[in-house]
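Participant: Below you will find the structure I want to go over with you.
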Amino acid sequence: MSINIGYSVAVIAIAVKSRHTCRVETRRSRGRPAIPLDRIVTTALEIVDDEGADALSMRTLAQRLDSGTATLYRHFTGRADLIAHVVDLVFGSVEIDAAQLSAMPWRQACKTAAYAMFDVLRRHRNVAPLLGADVLIGPNAMAGREGLIAILLDNGFPPVLAARSYATLARYILGFAIQLSGRRDDLDDAGLSQFFHNLDPRQFPATVKVADSLPVPLEDEFAFGLELIIDGLAQTLARSPQRKPKRRSG
């Protein structure tokens, strides 16, 4: 999936209002040279990766670029617009071959897409807090949504079930990504395991009984839950009175 930053919503709206049919150009004042949009967004992502989501501001980004905030406002209406570009840059780095994905059975396609998205969010774990506020409508996020929903529709999912299935998978992945960003450094799995083993069996008999299996590694928990979701979707599809003939085997 290639990186495609695209225009901000504000720029597109201005173009539509003005009835422009050509590329929208922004004025450039004399003095500082223009900075390419892709470099700005990549640098913003580096700040989030290095220092956390809260560290990203127009001022800190300008300082990292050795530029002024006015340069940034030529591209973005504000921090929210900048964040939308950063998030879509992350989704553009999801490594999925669209043709291979569409050729898979739908269950395998869902798993492959989910693991690819989770792997990217694990590499950029500080981005997770930026994902929960809005529905993602950047070019790369839209392409990913379109591809997976198309696979579900082609395999007999009614439109409502296809939309809800995608939303459920996406929120599930996001939930685990947020856990990655909020994990405590002072309590690792070994420490947690010892904590559970040391509990009073009279007060927590059930927890002590399964202490050898706690905590569940996050990767195992993700895989287990993903299987449950996909199994549940298969059962829901089989029961759906609106189920359509599938074009590929699932």
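Quick note on naming: the chains in the structure tokens go A, B, ... in the order shown, residues restart at 1 in each chain, and ligands are numbered from 1 in order of appearance.
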Could you list, as an MDAnalysis selection string, every residue within 12 Å of range 124-132 of chain A, counting only C-alpha atoms and ignoring same-chain residues fewer than 4 positions away?
Facilitator: chainID A and resid 44:56 79:91 93:94 117:120 136:138 141 170:183
Participant: Write the residues of the preceding selection, restricted to N, CA and C atoms, as a short mmCIF file (atom, residue, chain, number, x, y, z; two decimals), in the first residue's frame.
Facilitator:
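Writing done, so here's again_30.cif:
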```cif
data_model
loop_
_atom_site.label_atom_id
_atom_site.label_comp_id
_atom_site.auth_asym_id
_atom_site.auth_seq_id
_atom_site.Cartn_x
_atom_site.Cartn_y
_atom_site.Cartn_z
N ALA A 44 6.80 14.89 11.69
CA ALA A 44 5.78 14.89 12.74
C ALA A 44 5.63 13.49 13.33
N LEU A 45 5.65 12.48 12.48
CA LEU A 45 5.55 11.10 12.96
C LEU A 45 6.78 10.74 13.81
N GLU A 46 7.94 11.22 13.43
CA GLU A 46 9.15 10.96 14.21
C GLU A 46 9.02 11.55 15.62
N ILE A 47 8.42 12.73 15.73
CA ILE A 47 8.21 13.34 17.04
C ILE A 47 7.30 12.46 17.89
N VAL A 48 6.20 11.99 17.28
CA VAL A 48 5.26 11.13 18.01
C VAL A 48 5.97 9.84 18.45
N ASP A 49 6.73 9.24 17.55
CA ASP A 49 7.45 8.00 17.88
C ASP A 49 8.46 8.23 19.00
N ASP A 50 9.17 9.34 18.96
CA ASP A 50 10.26 9.59 19.91
C ASP A 50 9.77 10.10 21.25
N GLU A 51 8.74 10.98 21.23
CA GLU A 51 8.37 11.70 22.44
C GLU A 51 6.93 11.50 22.89
N GLY A 52 6.11 10.87 22.07
CA GLY A 52 4.72 10.66 22.43
C GLY A 52 3.79 11.61 21.71
N ALA A 53 2.50 11.25 21.70
CA ALA A 53 1.51 12.02 20.96
C ALA A 53 1.36 13.44 21.50
N ASP A 54 1.43 13.59 22.83
CA ASP A 54 1.25 14.92 23.42
C ASP A 54 2.35 15.89 23.05
N ALA A 55 3.50 15.37 22.62
CA ALA A 55 4.63 16.24 22.29
C ALA A 55 4.46 16.90 20.93
N LEU A 56 3.55 16.41 20.12
CA LEU A 56 3.38 16.96 18.78
C LEU A 56 2.55 18.24 18.82
N ARG A 79 -3.50 21.72 14.39
CA ARG A 79 -2.94 20.47 14.87
C ARG A 79 -3.78 19.26 14.46
N ALA A 80 -5.11 19.41 14.52
CA ALA A 80 -5.98 18.28 14.16
C ALA A 80 -5.76 17.86 12.72
N ASP A 81 -5.60 18.83 11.83
CA ASP A 81 -5.34 18.53 10.43
C ASP A 81 -3.99 17.84 10.26
N LEU A 82 -3.00 18.30 11.00
CA LEU A 82 -1.68 17.67 10.98
C LEU A 82 -1.76 16.23 11.46
N ILE A 83 -2.47 16.01 12.55
CA ILE A 83 -2.62 14.65 13.09
C ILE A 83 -3.27 13.73 12.06
N ALA A 84 -4.28 14.22 11.34
CA ALA A 84 -4.94 13.41 10.32
C ALA A 84 -3.94 12.94 9.27
N HIS A 85 -3.02 13.81 8.89
CA HIS A 85 -1.99 13.43 7.92
C HIS A 85 -1.01 12.42 8.51
N VAL A 86 -0.65 12.60 9.77
CA VAL A 86 0.27 11.66 10.42
C VAL A 86 -0.35 10.27 10.50
N VAL A 87 -1.60 10.22 10.92
CA VAL A 87 -2.29 8.94 11.03
C VAL A 87 -2.37 8.25 9.68
N ASP A 88 -2.68 9.02 8.65
CA ASP A 88 -2.80 8.39 7.34
C ASP A 88 -1.44 7.94 6.80
N LEU A 89 -0.38 8.63 7.18
CA LEU A 89 0.96 8.18 6.81
C LEU A 89 1.25 6.81 7.42
N VAL A 90 0.84 6.63 8.67
CA VAL A 90 1.02 5.34 9.33
C VAL A 90 0.25 4.25 8.60
N PHE A 91 -1.00 4.54 8.24
CA PHE A 91 -1.80 3.54 7.54
C PHE A 91 -1.24 3.26 6.15
N SER A 93 1.78 2.80 5.56
CA SER A 93 2.92 1.88 5.71
C SER A 93 2.49 0.45 6.00
N VAL A 94 1.17 0.21 6.05
CA VAL A 94 0.68 -1.16 6.22
C VAL A 94 1.02 -1.96 4.97
N MET A 117 -2.09 -4.54 10.16
CA MET A 117 -2.40 -3.27 10.81
C MET A 117 -1.84 -3.24 12.23
N PHE A 118 -1.98 -4.35 12.94
CA PHE A 118 -1.49 -4.40 14.32
C PHE A 118 0.03 -4.28 14.36
N ASP A 119 0.73 -4.90 13.40
CA ASP A 119 2.19 -4.81 13.36
C ASP A 119 2.65 -3.37 13.16
N VAL A 120 1.96 -2.63 12.29
CA VAL A 120 2.31 -1.23 12.06
C VAL A 120 2.07 -0.39 13.31
N LEU A 136 -11.55 7.56 10.45
CA LEU A 136 -10.40 7.82 9.60
C LEU A 136 -10.83 7.91 8.14
N ILE A 137 -10.54 9.08 7.51
CA ILE A 137 -10.97 9.29 6.13
C ILE A 137 -9.82 9.73 5.25
N GLY A 138 -8.58 9.51 5.69
CA GLY A 138 -7.44 9.81 4.84
C GLY A 138 -7.37 8.83 3.68
N ALA A 141 -6.22 5.22 4.72
CA ALA A 141 -7.22 4.56 5.55
C ALA A 141 -8.44 4.18 4.73
N ALA A 170 -11.69 -3.25 13.13
CA ALA A 170 -10.86 -2.06 13.27
C ALA A 170 -10.77 -1.61 14.72
N ARG A 171 -11.90 -1.61 15.43
CA ARG A 171 -11.90 -1.18 16.83
C ARG A 171 -11.16 -2.19 17.71
N TYR A 172 -11.24 -3.44 17.36
CA TYR A 172 -10.51 -4.47 18.11
C TYR A 172 -9.01 -4.23 17.99
N ILE A 173 -8.54 -3.98 16.79
CA ILE A 173 -7.11 -3.72 16.58
C ILE A 173 -6.70 -2.45 17.31
N LEU A 174 -7.52 -1.42 17.22
CA LEU A 174 -7.21 -0.16 17.90
C LEU A 174 -7.12 -0.36 19.40
N GLY A 175 -8.02 -1.16 19.95
CA GLY A 175 -7.99 -1.40 21.40
C GLY A 175 -6.68 -2.01 21.86
N PHE A 176 -6.15 -2.96 21.10
CA PHE A 176 -4.87 -3.56 21.45
C PHE A 176 -3.73 -2.58 21.24
N ALA A 177 -3.84 -1.75 20.21
CA ALA A 177 -2.79 -0.75 19.99
C ALA A 177 -2.72 0.24 21.16
N ILE A 178 -3.87 0.60 21.70
CA ILE A 178 -3.90 1.51 22.84
C ILE A 178 -3.27 0.84 24.06
N GLN A 179 -3.49 -0.46 24.23
CA GLN A 179 -2.84 -1.18 25.33
C GLN A 179 -1.32 -1.13 25.19
N LEU A 180 -0.83 -1.24 23.98
CA LEU A 180 0.62 -1.16 23.76
C LEU A 180 1.17 0.18 24.20
N SER A 181 0.43 1.25 23.89
CA SER A 181 0.92 2.59 24.20
C SER A 181 0.85 2.89 25.70
N GLY A 182 0.02 2.14 26.44
CA GLY A 182 -0.15 2.44 27.85
C GLY A 182 0.45 1.41 28.80
N ARG A 183 1.28 0.51 28.29
CA ARG A 183 1.84 -0.54 29.16
C ARG A 183 2.84 0.04 30.15
#
```
Participant: Please report as CSV every residue of range 13-121 of chain A lying within 9 Å of range 146-161 of chain A, along with the nearest atom pair and their distance in Å (one decimal), using only C-alpha atoms.
Facilitator:
```
residue,atom,partner,partner_atom,distance
A:Ala98,CA,A:Gly147,CA,7.2
A:Leu101,CA,A:Ile151,CA,8.4
A:Ser102,CA,A:Ile151,CA,6.1
A:Ala103,CA,A:Ile151,CA,8.8
A:Met104,CA,A:Ile151,CA,8.9
A:Pro105,CA,A:Asn155,CA,8.4
A:Trp106,CA,A:Ile151,CA,6.4
A:Ala109,CA,A:Leu148,CA,7.7
A:Cys110,CA,A:Leu148,CA,7.3
A:Ala113,CA,A:Leu148,CA,7.9
```
Participant: Go ahead and save the picked residues with N, CA and C atoms, as a tab-separated table (two decimals), in the first residue's frame.
Facilitator:
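Printed below is part20.tsv as written:
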```
chain	number	residue	atom	x	y	z
A	98	ALA	N	-2.76	-5.88	-2.17
A	98	ALA	CA	-4.21	-5.87	-2.37
A	98	ALA	C	-4.68	-7.03	-3.23
A	101	LEU	N	-4.50	-10.22	-1.19
A	101	LEU	CA	-5.54	-10.21	-0.17
A	101	LEU	C	-6.90	-10.56	-0.76
A	102	SER	N	-7.21	-10.00	-1.91
A	102	SER	CA	-8.52	-10.23	-2.52
A	102	SER	C	-8.67	-11.67	-3.02
A	103	ALA	N	-7.53	-12.35	-3.22
A	103	ALA	CA	-7.58	-13.74	-3.69
A	103	ALA	C	-7.72	-14.73	-2.54
A	104	MET	N	-7.59	-14.27	-1.31
A	104	MET	CA	-7.66	-15.16	-0.15
A	104	MET	C	-9.11	-15.44	0.23
A	105	PRO	N	-9.38	-16.57	0.91
A	105	PRO	CA	-10.68	-16.75	1.57
A	105	PRO	C	-10.90	-15.60	2.55
A	106	TRP	N	-12.14	-15.20	2.75
A	106	TRP	CA	-12.38	-13.99	3.52
A	106	TRP	C	-11.85	-14.08	4.95
A	109	ALA	N	-8.21	-13.42	4.77
A	109	ALA	CA	-8.00	-12.01	4.42
A	109	ALA	C	-8.17	-11.11	5.65
A	110	CYS	N	-9.17	-11.39	6.45
A	110	CYS	CA	-9.39	-10.60	7.66
A	110	CYS	C	-8.21	-10.75	8.63
A	113	ALA	N	-5.06	-8.90	7.15
A	113	ALA	CA	-5.19	-7.44	7.28
A	113	ALA	C	-5.06	-7.01	8.73
```
Participant: Quick one: residues within 8 Å of range 224-236 of chain A, only C-alpha atoms counted, chain neighbours fewer than 6 positions away excluded, as a VMD selection string?
Facilitator: chain A and resid 107 110 to 111 165 169
Participant: Using the chain letters and numbers from this document, which residues of range 20-196 of chain A does DSSP assign to alpha helix (DSSP H), as a ChimeraX atom specification?
Facilitator: /A:37-51,58-64,69-73,79-92,98-103,106-123,139-154,159-181,189-196
